[in-house]
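**Q** Would you mind keeping the following structure in view while I ask a few things?
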Amino acid sequence: MLKKTLIGGLIAACLSAPAMAAPTTYFAEDLLPLNTITGSVSAARTQFLSSLSGNIATEDFESFADETYNPALSFTGGSGTITATLNGVGKVQDDLYAGRFATSGRKIYETGSGGDFSISFNTAISAFGFYGTDIGDIGNSLVLRLYRSAGGTVDLSVGNGAMNGSLLFYGFIDAGDSYTKIDFLNLPGGGDVFGFDDMTVGDVSQILQPPAVPLPAGAVLLISAIGGFAAARRWKA
């Protein structure tokens, strides 16, 4: 009876625990793209976009004048316009600058020395994707810090390599949470400069088919242990 009560309690605790699933992420990188979008990176973006529906907007920075600092961005949400404010020392630059290049047109958003900047949204978003160039070529890494609408933050490590002129796509989709701000952090810091292009934004109503959320590792181990215990009891009987 004690064993049954203990197992039942463990199962109940596992199933009743609040879901804190991490966003589903999409990533691919080419360290030597030769200023072009290559297959694996393009495929990652296509997979990201395939989970979104409606009139999804992508910012390519082509409408801004060269040397525009922190341009005001606008995206199409499921129920209206989503405006975004950039904060940092970055600016719109014409292609090509020291390994940073445009993935559409000729212009990019180039971070200032240090690489940090943030994007704040007037309406909470649940999907965000972008191309990044020349990220981590002096050994730094890019981390996205997401600010939840309900409070708290989530850090996503992009996991980029270190090569001058590299290209990556990174995106996240979160059907269970929404975010009002994203910090782009160049860690551990220093004088690195990044290039960004083709930023795509979506809100929760534009997520077409939310990816399945895997069971937490702890729950998988618990279920496996329970299955083994049950099999042992049957064998003994």
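Simple scheme: letters A, B, ... for chains in structure tokens order, numbers from 1 for residues in each chain, numbers from 1 for ligands in the order shown.
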If we count only C-alpha atoms and set the cut-off at 9 Å, which residues sit around Gly132 in chain A, ignoring sequence neighbours fewer than 2 positions away in its own chain? Please answer as a list in words.

**A**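 So, after excluding close chain neighbours, the residues are Arg100, Phe101, Thr103, Phe130, Asp134, Ile135, Ser166, Leu167, Leu168, Phe169, Tyr170, Phe194, Gly195, Phe196, Asp197 and Asp198 of chain A.
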
**Q** Using only C-alpha atoms, which protein or nucleic acid residues come within 10 Å of range 46-63 of chain A? Drop anything in the same chain fewer than 4 positions from it, and give the result as a ChimeraX atom specification.

**A** /A:24-27,40-42,68,71,73-78,81-82,92-94,102-109,127-130,169-173,196-211

**Q** Extract, using only C-alpha atoms, all DNA, RNA and protein residues at most 6 Å from Gly99 in chain A, discarding same-chain residues fewer than 2 positions from it, and format them as a list in words.

**A** Tyr97, Asp134, Asn164 and Gly165 of chain A

**Q** Applying 9 Å and only C-alpha atoms, which residues near range 117-121 of chain A remain after dropping the ones on its own chain fewer than 2 positions away? List them as a PyMOL selection string.

**A** chain A and resi 82-90+111-112+115+123-125+179-186

**Q** Would you mind reading off the distance between CA of Asp174 in chain A and CA of Tyr131 in chain A, one decimal, in Å?

**A** 18.9 Å

**Q** Pick the closest to Asn160 in chain A from A:Ala28, A:Asp66, A:Leu96, A:Asp177: which is it, counting only C-alpha atoms?

**A** A:Ala28

**Q** As a PyMOL selection string, please: all residues of range 65-204 of chain A that backbone DSSP puts in strand (DSSP E).

**A** chain A and resi 73-77+80-88+91-94+107-110+117-125+127-133+141-148+153-157+167-173+179-187+195-202

**Q** Do a neighbour search on range 137-140 of chain A at 6 Å with only C-alpha atoms, toss out local chain neighbours closer than 6 positions, and write the hits as a list in words.

**A** Ala162, Met163, Asn164 and Leu187 of chain A

**Q** Take the residues from that selection and put them in a file with N, CA, C and O atoms, as a tab-separated table (two decimals), in the first residue's frame.

**A**
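As a result, part_33.tsv now contains:
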```tsv
chain	number	residue	atom	x	y	z
A	162	ALA	N	32.64	30.66	-34.34
A	162	ALA	CA	33.51	31.83	-34.35
A	162	ALA	C	34.28	31.87	-35.67
A	162	ALA	O	35.30	31.20	-35.82
A	163	MET	N	33.76	32.64	-36.63
A	163	MET	CA	34.41	32.74	-37.93
A	163	MET	C	34.00	34.06	-38.58
A	163	MET	O	32.81	34.40	-38.60
A	164	ASN	N	34.97	34.79	-39.09
A	164	ASN	CA	34.68	36.03	-39.78
A	164	ASN	C	33.79	35.76	-41.00
A	164	ASN	O	34.05	34.86	-41.79
A	187	LEU	N	28.18	38.14	-25.40
A	187	LEU	CA	28.88	37.68	-24.20
A	187	LEU	C	30.18	36.97	-24.55
A	187	LEU	O	30.23	36.24	-25.53
```
